[in-house]
file final-v3.pdb (PDB, C-alpha atoms)
ATOM      1  CA  MET A 120     108.365 183.948 157.319
ATOM      2  CA  GLY A 121     110.313 186.045 154.839
ATOM      3  CA  GLY A 122     111.705 185.941 151.331
ATOM      4  CA  ARG A 123     110.188 187.589 148.330
ATOM      5  CA  PRO A 124     106.469 187.545 147.759
ATOM      6  CA  LEU A 125     105.598 185.393 144.785
ATOM      7  CA  SER A 126     102.868 187.551 143.349
ATOM      8  CA  ASN A 127     100.009 189.720 144.487
ATOM      9  CA  TRP A 128      97.844 186.648 144.801
ATOM     10  CA  GLY A 129     100.516 184.870 146.799
ATOM     11  CA  VAL A 130     100.413 187.818 149.197
ATOM     12  CA  VAL A 131      96.619 187.643 149.335
ATOM     13  CA  GLY A 132      96.863 183.947 150.190
ATOM     14  CA  LEU A 133      99.443 184.667 152.866
ATOM     15  CA  LEU A 134      97.330 187.434 154.383
ATOM     16  CA  PHE A 135      94.427 185.030 154.377
ATOM     17  CA  LEU A 136      96.434 182.431 156.310
ATOM     18  CA  GLN A 137      97.561 185.055 158.811
ATOM     19  CA  SER A 138      94.085 186.540 159.158
ATOM     20  CA  ILE A 139      92.643 183.240 160.304
ATOM     21  CA  GLY A 140      95.520 182.818 162.735
ATOM     22  CA  ALA A 141      96.931 179.817 160.898
ATOM     23  CA  PRO A 142      99.963 178.427 162.746
ATOM     24  CA  ASN A 143     102.943 176.913 160.928
ATOM     25  CA  ALA A 144     100.699 174.103 159.799
ATOM     26  CA  PRO A 145      97.749 175.570 157.895
ATOM     27  CA  PRO A 146      95.049 173.016 157.156
ATOM     28  CA  PRO A 147      95.095 171.658 153.605
ATOM     29  CA  TRP A 148      92.126 173.690 152.364
ATOM     30  CA  ASP A 149      93.974 176.914 153.212
ATOM     31  CA  LEU A 150      96.787 176.037 150.819
ATOM     32  CA  ALA A 151      94.634 175.788 147.714
ATOM     33  CA  ILE A 152      94.622 179.486 146.798
ATOM     34  CA  VAL A 153      98.354 180.003 147.214
ATOM     35  CA  HIS A 154      99.117 176.817 145.271
ATOM     36  CA  ALA A 155      96.731 177.923 142.486
ATOM     37  CA  SER A 156      98.453 181.304 142.268
ATOM     38  CA  ILE A 157     101.897 179.650 142.057
ATOM     39  CA  LEU A 158     100.651 177.340 139.292
ATOM     40  CA  ALA A 159      99.112 180.275 137.409
ATOM     41  CA  VAL A 160     102.424 182.139 137.380
ATOM     42  CA  ARG A 161     104.378 178.988 136.458
ATOM     43  CA  THR A 162     101.948 178.217 133.623
ATOM     44  CA  GLY A 163     102.452 181.733 132.282
ATOM     45  CA  GLU A 164     106.233 181.241 132.451
ATOM     46  CA  VAL A 165     106.022 177.936 130.565
ATOM     47  CA  LEU A 166     103.750 179.413 127.881
ATOM     48  CA  ASP A 167     106.050 182.401 127.475
ATOM     49  CA  ALA A 168     109.142 180.207 127.318
ATOM     50  CA  GLU A 169     107.875 177.516 124.949
ATOM     51  CA  TYR A 170     105.140 179.141 122.866
ATOM     52  CA  GLY A 171     103.830 182.626 122.168
ATOM     53  CA  SER A 172     106.310 183.698 119.514
ATOM     54  CA  ILE A 173     108.094 182.274 116.511
ATOM     55  CA  GLU A 174     111.773 182.040 117.293
ATOM     56  CA  GLU A 175     114.599 179.594 117.777
ATOM     57  CA  GLY A 176     114.249 177.394 120.845
ATOM     58  CA  LYS A 177     110.441 177.574 121.001
ATOM     59  CA  ARG A 178     107.974 174.842 120.073
ATOM     60  CA  ALA A 179     107.328 174.795 116.334
ATOM     61  CA  ASP A 180     103.575 174.110 116.525
ATOM     62  CA  LEU A 181     101.929 176.326 113.901
ATOM     63  CA  ILE A 182      98.952 176.387 111.535
ATOM     64  CA  LEU A 183      99.316 178.545 108.410
ATOM     65  CA  PHE A 184      96.106 179.709 106.672
ATOM     66  CA  ASP A 185      95.769 181.075 103.172
ATOM     67  CA  ALA A 186      93.201 183.565 104.472
ATOM     68  CA  ASN A 187      92.457 185.136 107.834
ATOM     69  CA  PRO A 188      89.936 182.966 109.755
ATOM     70  CA  LEU A 189      89.497 185.761 112.304
ATOM     71  CA  THR A 190      87.708 187.859 109.666
ATOM     72  CA  ASN A 191      85.853 184.933 108.092
ATOM     73  CA  PRO A 192      85.498 181.767 110.222
ATOM     74  CA  ARG A 193      84.785 179.734 107.052
ATOM     75  CA  ASP A 194      88.470 180.166 106.203
ATOM     76  CA  LEU A 195      89.171 177.695 109.030
ATOM     77  CA  LEU A 196      88.036 175.058 106.528
ATOM     78  CA  GLY A 197      90.265 176.374 103.743
ATOM     79  CA  THR A 198      93.721 175.360 102.627
ATOM     80  CA  LYS A 199      96.190 175.250 105.478
ATOM     81  CA  THR A 200      99.620 173.949 106.401
ATOM     82  CA  VAL A 201     100.233 172.366 109.788
ATOM     83  CA  ILE A 202     103.651 172.382 111.456
ATOM     84  CA  LYS A 203     103.783 170.091 114.484
ATOM     85  CA  ASP A 204     107.028 169.673 116.425
ATOM     86  CA  GLY A 205     108.807 171.226 113.453
ATOM     87  CA  VAL A 206     107.414 168.723 110.883
ATOM     88  CA  VAL A 207     105.517 170.342 107.985
ATOM     89  CA  TRP A 208     102.185 168.743 106.940
ATOM     90  CA  SER A 209     100.864 170.253 103.701
ATOM     91  CA  PRO A 210      97.377 169.604 102.270
TER      92      PRO A 210
ATOM     93  CA  MET B1494      96.424 179.892 123.359
ATOM     94  CA  ILE B1495      95.740 179.875 127.070
ATOM     95  CA  ASP B1496      96.055 183.336 128.494
ATOM     96  CA  ARG B1497      97.863 184.078 131.764
ATOM     97  CA  ARG B1498      95.183 186.601 132.677
ATOM     98  CA  ALA B1499      92.545 183.865 132.551
ATOM     99  CA  PHE B1500      94.483 181.852 135.124
ATOM    100  CA  LEU B1501      94.856 184.857 137.372
ATOM    101  CA  GLN B1502      91.142 185.552 137.089
ATOM    102  CA  LEU B1503      90.522 181.955 138.153
ATOM    103  CA  ALA B1504      92.774 182.470 141.174
ATOM    104  CA  ALA B1505      91.084 185.806 141.866
ATOM    105  CA  GLY B1506      87.646 184.192 142.017
ATOM    106  CA  ALA B1507      88.817 181.582 144.475
ATOM    107  CA  GLY B1508      90.661 184.252 146.454
ATOM    108  CA  THR B1509      87.487 186.256 146.901
ATOM    109  CA  ALA B1510      85.720 183.237 148.377
ATOM    110  CA  SER B1511      88.477 182.606 150.895
ATOM    111  CA  LEU B1512      88.757 186.263 151.900
ATOM    112  CA  ALA B1513      85.028 186.332 152.536
ATOM    113  CA  ALA B1514      85.524 183.357 154.836
ATOM    114  CA  ALA B1515      88.450 185.083 156.541
ATOM    115  CA  CYS B1516      86.372 188.193 157.234
ATOM    116  CA  GLY B1517      84.056 186.239 159.470
ATOM    117  CA  TRP B1518      81.535 185.132 156.930
ATOM    118  CA  ASP B1519      79.853 182.116 158.414
ATOM    119  CA  GLY B1520      80.257 180.115 155.230
ATOM    120  CA  GLY B1521      83.766 178.878 156.056
ATOM    121  CA  ASN B1522      82.696 175.272 156.455
ATOM    122  CA  ALA B1523      80.777 175.498 153.199
ATOM    123  CA  VAL B1524      83.819 176.809 151.347
ATOM    124  CA  ARG B1525      86.248 174.161 152.626
ATOM    125  CA  PRO B1526      85.061 171.305 150.397
ATOM    126  CA  LEU B1527      85.321 173.675 147.430
ATOM    127  CA  LEU B1528      88.861 174.607 148.413
ATOM    128  CA  LEU B1529      89.788 170.938 148.757
ATOM    129  CA  ASP B1530      88.448 170.409 145.224
ATOM    130  CA  VAL B1531      90.605 173.348 144.082
ATOM    131  CA  SER B1532      93.550 171.697 145.842
ATOM    132  CA  ARG B1533      92.959 168.388 144.032
ATOM    133  CA  PHE B1534      92.663 170.286 140.751
ATOM    134  CA  ASN B1535      95.919 172.086 141.545
ATOM    135  CA  ASP B1536      97.688 168.754 142.025
ATOM    136  CA  TRP B1537      96.279 167.517 138.715
ATOM    137  CA  VAL B1538      97.524 170.666 136.917
ATOM    138  CA  GLY B1539     100.955 170.301 138.526
ATOM    139  CA  GLU B1540     101.338 166.677 137.457
ATOM    140  CA  LYS B1541      99.480 166.443 134.142
ATOM    141  CA  ILE B1542      99.958 169.899 132.636
ATOM    142  CA  LEU B1543     103.106 171.460 134.035
ATOM    143  CA  PHE B1544     105.341 168.478 134.763
ATOM    144  CA  SER B1545     107.337 166.892 131.992
ATOM    145  CA  LYS B1546     110.345 164.577 132.236
ATOM    146  CA  ARG B1547     112.207 166.916 129.916
ATOM    147  CA  ARG B1548     110.941 170.382 130.835
ATOM    148  CA  LEU B1549     113.410 172.237 133.024
ATOM    149  CA  ALA B1550     112.433 174.882 135.551
ATOM    150  CA  PRO B1551     113.965 178.279 134.701
ATOM    151  CA  GLU B1552     117.384 179.131 136.071
ATOM    152  CA  TYR B1553     118.382 182.553 137.339
ATOM    153  CA  ASP B1554     121.509 184.645 137.566
ATOM    154  CA  ILE B1555     123.522 184.488 140.788
ATOM    155  CA  ALA B1556     122.939 188.245 141.164
ATOM    156  CA  GLN B1557     119.213 187.521 141.529
ATOM    157  CA  ARG B1558     119.664 185.422 144.677
ATOM    158  CA  THR B1559     117.366 186.335 147.555
ATOM    159  CA  ALA B1560     119.118 187.709 150.645
ATOM    160  CA  SER B1561     117.806 184.932 152.857
ATOM    161  CA  LEU B1562     115.707 181.806 152.562
ATOM    162  CA  PRO B1563     113.379 181.024 155.469
ATOM    163  CA  SER B1564     114.241 177.766 157.203
ATOM    164  CA  TYR B1565     111.797 175.210 158.420
ATOM    165  CA  PHE B1566     111.746 171.948 160.385
ATOM    166  CA  ILE B1567     109.182 170.133 162.506
ATOM    167  CA  SER B1568     111.330 169.172 165.519
ATOM    168  CA  PRO B1569     111.068 171.451 168.588
ATOM    169  CA  GLU B1570     114.768 172.254 168.174
ATOM    170  CA  LEU B1571     117.077 172.549 165.168
ATOM    171  CA  PRO B1572     117.877 168.963 164.082
ATOM    172  CA  MET B1573     121.656 168.394 164.205
ATOM    173  CA  LEU B1574     123.824 165.292 164.004
ATOM    174  CA  GLN B1575     125.774 164.286 167.143
ATOM    175  CA  ASP B1576     128.532 162.799 164.974
ATOM    176  CA  PRO B1577     128.460 164.178 161.410
ATOM    177  CA  LYS B1578     131.327 161.918 160.286
ATOM    178  CA  ALA B1579     129.285 158.817 161.104
ATOM    179  CA  TRP B1580     126.367 159.972 158.944
ATOM    180  CA  ARG B1581     125.487 157.794 155.935
ATOM    181  CA  LEU B1582     122.675 157.857 153.407
ATOM    182  CA  GLN B1583     121.084 154.410 153.228
ATOM    183  CA  VAL B1584     119.783 153.587 149.749
ATOM    184  CA  GLY B1585     117.649 150.486 149.471
ATOM    185  CA  GLY B1586     114.294 148.958 148.653
ATOM    186  CA  LEU B1587     113.799 147.791 145.067
ATOM    187  CA  VAL B1588     117.477 147.909 144.079
ATOM    188  CA  ARG B1589     120.036 145.319 142.974
ATOM    189  CA  THR B1590     122.636 146.483 145.518
ATOM    190  CA  PRO B1591     121.654 148.473 148.623
ATOM    191  CA  VAL B1592     124.347 151.065 149.332
ATOM    192  CA  SER B1593     125.411 153.211 152.250
ATOM    193  CA  LEU B1594     126.883 156.513 151.031
ATOM    194  CA  SER B1595     129.029 158.997 152.954
ATOM    195  CA  LEU B1596     129.050 162.689 152.115
ATOM    196  CA  ASP B1597     132.430 162.157 150.401
ATOM    197  CA  ASP B1598     130.898 159.367 148.285
ATOM    198  CA  LEU B1599     128.050 161.662 147.220
ATOM    199  CA  GLN B1600     130.388 164.570 146.470
ATOM    200  CA  GLY B1601     132.453 162.250 144.262
ATOM    201  CA  MET B1602     129.443 161.490 142.059
ATOM    202  CA  PRO B1603     128.172 163.664 139.146
ATOM    203  CA  ARG B1604     127.606 167.195 140.419
ATOM    204  CA  ILE B1605     124.887 169.647 139.444
ATOM    205  CA  THR B1606     124.710 173.331 140.335
ATOM    206  CA  TYR B1607     121.742 175.540 139.532
ATOM    207  CA  THR B1608     120.219 178.820 140.672
ATOM    208  CA  VAL B1609     116.457 178.421 140.829
ATOM    209  CA  LYS B1610     113.319 179.762 142.448
ATOM    210  CA  HIS B1611     111.929 178.071 145.546
ATOM    211  CA  HIS B1612     108.138 178.110 145.955
ATOM    212  CA  CYS B1613     106.654 177.726 149.426
ATOM    213  CA  VAL B1614     102.982 176.851 149.722
ATOM    214  CA  GLU B1615     102.713 179.534 152.427
ATOM    215  CA  GLY B1616     103.015 182.124 149.678
ATOM    216  CA  TRP B1617     106.648 183.228 149.471
ATOM    217  CA  SER B1618     109.315 182.448 146.938
ATOM    218  CA  ALA B1619     113.079 182.876 147.010
ATOM    219  CA  ILE B1620     116.009 182.340 144.643
ATOM    220  CA  ALA B1621     119.071 180.363 145.745
ATOM    221  CA  THR B1622     121.884 178.274 144.278
ATOM    222  CA  TRP B1623     122.000 174.560 145.093
ATOM    223  CA  HIS B1624     124.781 171.990 144.617
ATOM    224  CA  GLY B1625     124.264 168.249 144.684
ATOM    225  CA  VAL B1626     124.072 164.902 142.960
ATOM    226  CA  PRO B1627     121.107 163.917 140.752
ATOM    227  CA  VAL B1628     118.837 161.309 142.346
ATOM    228  CA  SER B1629     119.008 159.499 138.986
ATOM    229  CA  ALA B1630     122.774 159.001 139.493
ATOM    230  CA  VAL B1631     122.122 157.424 142.907
ATOM    231  CA  ALA B1632     119.468 155.166 141.333
ATOM    232  CA  GLU B1633     121.973 154.082 138.717
ATOM    233  CA  ARG B1634     124.666 153.402 141.314
ATOM    234  CA  CYS B1635     122.474 151.044 143.357
ATOM    235  CA  GLY B1636     120.881 149.394 140.316
ATOM    236  CA  MET B1637     117.253 150.457 140.697
ATOM    237  CA  LEU B1638     114.937 147.596 139.679
ATOM    238  CA  PRO B1639     112.237 148.026 137.001
ATOM    239  CA  GLN B1640     109.502 147.338 139.593
ATOM    240  CA  ALA B1641     110.336 150.608 141.382
ATOM    241  CA  ARG B1642     107.620 153.206 140.847
ATOM    242  CA  TYR B1643     108.069 155.519 143.838
ATOM    243  CA  VAL B1644     110.763 156.797 146.167
ATOM    244  CA  ARG B1645     110.433 157.361 149.875
ATOM    245  CA  PHE B1646     112.742 159.931 151.516
ATOM    246  CA  ASP B1647     113.247 159.718 155.303
ATOM    247  CA  SER B1648     114.902 162.190 157.659
ATOM    248  CA  PHE B1649     116.143 162.557 161.237
ATOM    249  CA  ASP B1650     113.767 165.520 161.744
ATOM    250  CA  SER B1651     111.242 163.809 164.037
ATOM    251  CA  GLY B1652     110.261 161.288 161.383
ATOM    252  CA  TYR B1653     109.547 163.823 158.617
ATOM    253  CA  SER B1654     109.326 162.024 155.289
ATOM    254  CA  ASN B1655     108.050 162.444 151.742
ATOM    255  CA  GLY B1656     106.879 160.139 148.979
ATOM    256  CA  TRP B1657     107.723 160.906 145.361
ATOM    257  CA  ASP B1658     106.694 159.403 142.038
ATOM    258  CA  LEU B1659     109.615 157.961 140.083
ATOM    259  CA  ALA B1660     109.315 160.389 137.142
ATOM    260  CA  SER B1661     109.695 163.395 139.469
ATOM    261  CA  ALA B1662     112.580 161.763 141.338
ATOM    262  CA  MET B1663     114.396 160.978 138.060
ATOM    263  CA  HIS B1664     113.830 164.489 136.653
ATOM    264  CA  PRO B1665     117.225 165.969 135.686
ATOM    265  CA  GLN B1666     116.827 168.811 138.202
ATOM    266  CA  THR B1667     115.990 166.582 141.184
ATOM    267  CA  ILE B1668     119.105 166.416 143.339
ATOM    268  CA  LEU B1669     120.367 165.420 146.752
ATOM    269  CA  ALA B1670     121.831 168.772 147.767
ATOM    270  CA  TYR B1671     124.874 169.068 150.012
ATOM    271  CA  GLY B1672     125.588 172.729 149.218
ATOM    272  CA  MET B1673     123.734 176.033 149.029
ATOM    273  CA  ASN B1674     124.934 179.396 147.681
ATOM    274  CA  ASP B1675     128.527 178.107 147.237
ATOM    275  CA  ASN B1676     128.745 176.859 150.845
ATOM    276  CA  PRO B1677     128.137 173.523 152.529
ATOM    277  CA  LEU B1678     124.474 173.059 153.442
ATOM    278  CA  SER B1679     123.762 174.608 156.851
ATOM    279  CA  PRO B1680     121.821 172.842 159.635
ATOM    280  CA  THR B1681     118.974 175.346 159.197
ATOM    281  CA  HIS B1682     118.511 174.164 155.608
ATOM    282  CA  GLY B1683     118.793 170.427 156.193
ATOM    283  CA  ALA B1684     122.492 169.531 156.664
ATOM    284  CA  PRO B1685     124.125 167.299 155.784
ATOM    285  CA  LEU B1686     121.872 166.394 152.841
ATOM    286  CA  ARG B1687     118.453 167.400 151.562
ATOM    287  CA  LEU B1688     116.290 166.707 148.578
ATOM    288  CA  TYR B1689     115.913 169.619 146.162
ATOM    289  CA  SER B1690     113.856 170.248 143.022
ATOM    290  CA  PRO B1691     112.622 173.497 141.445
ATOM    291  CA  THR B1692     109.571 171.615 140.112
ATOM    292  CA  LYS B1693     108.100 170.941 143.576
ATOM    293  CA  LEU B1694     106.627 172.896 146.469
ATOM    294  CA  GLY B1695     109.047 173.337 149.367
ATOM    295  CA  TYR B1696     107.497 170.799 151.745
ATOM    296  CA  LYS B1697     108.150 167.982 149.226
ATOM    297  CA  MET B1698     111.915 168.461 149.588
ATOM    298  CA  THR B1699     112.927 166.307 152.540
ATOM    299  CA  LYS B1700     115.712 167.831 154.658
ATOM    300  CA  TYR B1701     118.079 166.049 157.096
ATOM    301  CA  LEU B1702     118.041 162.935 154.894
ATOM    302  CA  VAL B1703     118.923 159.504 156.270
ATOM    303  CA  SER B1704     117.493 157.143 153.689
ATOM    304  CA  LEU B1705     116.119 156.791 150.213
ATOM    305  CA  THR B1706     113.943 153.753 149.474
ATOM    306  CA  PHE B1707     112.615 152.659 146.077
ATOM    307  CA  THR B1708     109.130 151.139 146.389
ATOM    308  CA  ALA B1709     106.310 149.699 144.291
ATOM    309  CA  GLU B1710     103.590 151.143 146.570
ATOM    310  CA  ARG B1711     102.971 154.883 146.835
ATOM    311  CA  PRO B1712     104.515 156.164 150.084
ATOM    312  CA  GLY B1713     102.746 158.808 152.162
ATOM    313  CA  GLY B1714     104.538 161.696 153.819
ATOM    314  CA  TYR B1715     104.388 163.982 156.837
ATOM    315  CA  TRP B1716     102.169 166.692 155.295
ATOM    316  CA  GLU B1717     100.796 164.509 152.527
ATOM    317  CA  ASP B1718      99.181 162.270 155.188
ATOM    318  CA  GLN B1719      97.487 165.398 156.601
ATOM    319  CA  GLY B1720      95.819 166.237 153.304
ATOM    320  CA  TYR B1721      98.449 168.379 151.589
ATOM    321  CA  PRO B1722      98.787 167.807 147.822
ATOM    322  CA  TRP B1723     100.751 164.594 147.241
ATOM    323  CA  PHE B1724     102.361 165.533 143.925
ATOM    324  CA  GLY B1725     103.008 169.121 145.056
ATOM    325  CA  GLY B1726     104.200 170.312 141.644
ATOM    326  CA  VAL B1727     104.861 173.880 140.515
TER     327      VAL B1727
END
call {"tool": "encode", "arguments": {"input": "final-v3.pdb", "output": "structure tokens"}}
result
Amino acid sequence: MGGRPLSNWGVVGLLFLQSIGAPNAPPPWDLAIVHASILAVRTGEVLDAEYGSIEEGKRADLILFDANPLTNPRDLLGTKTVIKDGVVWSP
Amino acid sequence: MIDRRAFLQLAAGAGTASLAAACGWDGGNAVRPLLLDVSRFNDWVGEKILFSKRRLAPEYDIAQRTASLPSYFISPELPMLQDPKAWRLQVGGLVRTPVSLSLDDLQGMPRITYTVKHHCVEGWSAIATWHGVPVSAVAERCGMLPQARYVRFDSFDSGYSNGWDLASAMHPQTILAYGMNDNPLSPTHGAPLRLYSPTKLGYKMTKYLVSLTFTAERPGGYWEDQGYPWFGGV
């Protein structure tokens, strides 16, 4: 055992395996937490890399509103422009 | 947008349950089915959400390499070839022309080098550089047939094997690695040839390879047959 810990939750999972005296072959149910923590971090990496900001190289999936639907939810129904995979769809 | 914190909170909730079990709480047997459900959900997330034929796992700078990568095999002693020169990779199954490839043959095919993060299901990760030939190039060389849907990878490590879906095997970062960190692959890491992919958990990457077989039926695997996630994506 060695290397760099993946994340705090990876360490928690590892401590869990060690605390129950798991040998080199932990039973499948003991892997679930560590695997979930790895997937959580990887999902965050993918979201950061592909979405989350408007810049070159990221997915061009956007909805443009004429008014702010966060202040008035009815504005969700108002005029909007959809950009999906870089293609502009105007009303 | 899905928030990273929400995922971590999900993991935290499950972590609390398992720690309670670890501290002697008598509900261990009650928690196990739940954890197996979590495991099945994990495999679904890995395959249906995270995996894409085109999405590449992030690459890292050589300066970020981890000092050492733990090694792992199932034989009682380090598996090593008696006669390395006689070693061949047998490629067969649903192919037009079964081939037998030497290390020289493989090194003469298209070469990929990347520095990526390795994720072990025991909870550690490590960054290393790998050198090898894409599995897709091997499939092309032997004329993989359209009926092929899976690939079975066999080793000389006490029968260790893995089954892969075709999309994962044909992913551009899935390689048969003969080198690591600018050196030939060492016996501790699966010499002379191992499977490598930064989109899979470590146990899916068969070391000490002897054969690669294209199949129509889903192959099992050493850990997969013991209940470990079959897709094993990250």
call {"tool": "interface_residues", "arguments": {"input": "final-v3.pdb", "of": "chain B", "to": "chain A", "cutoff": "6 Å", "atoms": "all atoms listed in the file", "output": "list in words"}}
result
Arg1497, Phe1500, Ala1504, Ala1515, Arg1525, Leu1528, Leu1529, Val1531, Ser1532, Asn1535, Leu1562, Pro1563, Val1614, Gly1616, Trp1617, Ser1618, Ala1619, Gly1720, Tyr1721 and Val1727 of chain B
call {"tool": "residues_around", "arguments": {"input": "final-v3.pdb", "residues": "B:Gly1695", "least_positions_apart": "6", "cutoff": "9 Å", "atoms": "all atoms listed in the file", "output": "PDB file with C-alpha atoms, keeping the file's coordinate frame"}}
result
ATOM      1  CA  HIS B1611     111.929 178.071 145.546  1.00  0.00           C
ATOM      2  CA  HIS B1612     108.138 178.110 145.955  1.00  0.00           C
ATOM      3  CA  CYS B1613     106.654 177.726 149.426  1.00  0.00           C
ATOM      4  CA  VAL B1614     102.982 176.851 149.722  1.00  0.00           C
ATOM      5  CA  TYR B1689     115.913 169.619 146.162  1.00  0.00           C
ATOM      6  CA  GLY B1725     103.008 169.121 145.056  1.00  0.00           C
TER       7      GLY B1725
END
call {"tool": "residues_near_point", "arguments": {"input": "final-v3.pdb", "point": "(117.9, 178.9, 147.7)", "cutoff": "12 Å", "atoms": "only C-alpha atoms", "output": "PyMOL selection string"}}
result
(chain A and resi 122-123) or (chain B and resi 1552-1553+1555+1557-1564+1606-1613+1618-1624+1670+1672-1676+1678-1679+1682+1689-1691+1695)
call {"tool": "atom_distance", "arguments": {"input": "final-v3.pdb", "atom1": "atom CA of B:Tyr1715", "atom2": "atom CA of B:Ala1523"}}
result
26.5 Å
call {"tool": "closest_residue", "arguments": {"input": "final-v3.pdb", "among": "B:Pro1569, B:Gly1713, B:Pro1526, B:Gly1656", "to": "B:Tyr1643", "atoms": "all atoms listed in the file"}}
result
B:Gly1656
call {"tool": "residues_around", "arguments": {"input": "final-v3.pdb", "residues": "stretch 179-184 of chain A", "least_positions_apart": "2", "cutoff": "10 Å", "atoms": "all atoms listed in the file", "output": "MDAnalysis selection string"}}
result
chainID A and resid 169:170 172:177 186:188 194:209
call {"tool": "atom_distance", "arguments": {"input": "final-v3.pdb", "atom1": "atom CA of B:Phe1707", "atom2": "atom CA of B:Gln1600"}}
result
21.4 Å
call {"tool": "atom_distance", "arguments": {"input": "final-v3.pdb", "atom1": "atom CA of B:Ile1567", "atom2": "atom CA of B:Ser1704"}}
result
17.8 Å
call {"tool": "residues_around", "arguments": {"input": "final-v3.pdb", "residues": "B:Arg1634", "least_positions_apart": "4", "cutoff": "9 Å", "atoms": "all atoms listed in the file", "output": "NGL selection string"}}
result
:B and (1590 or 1592 or 1629-1630)
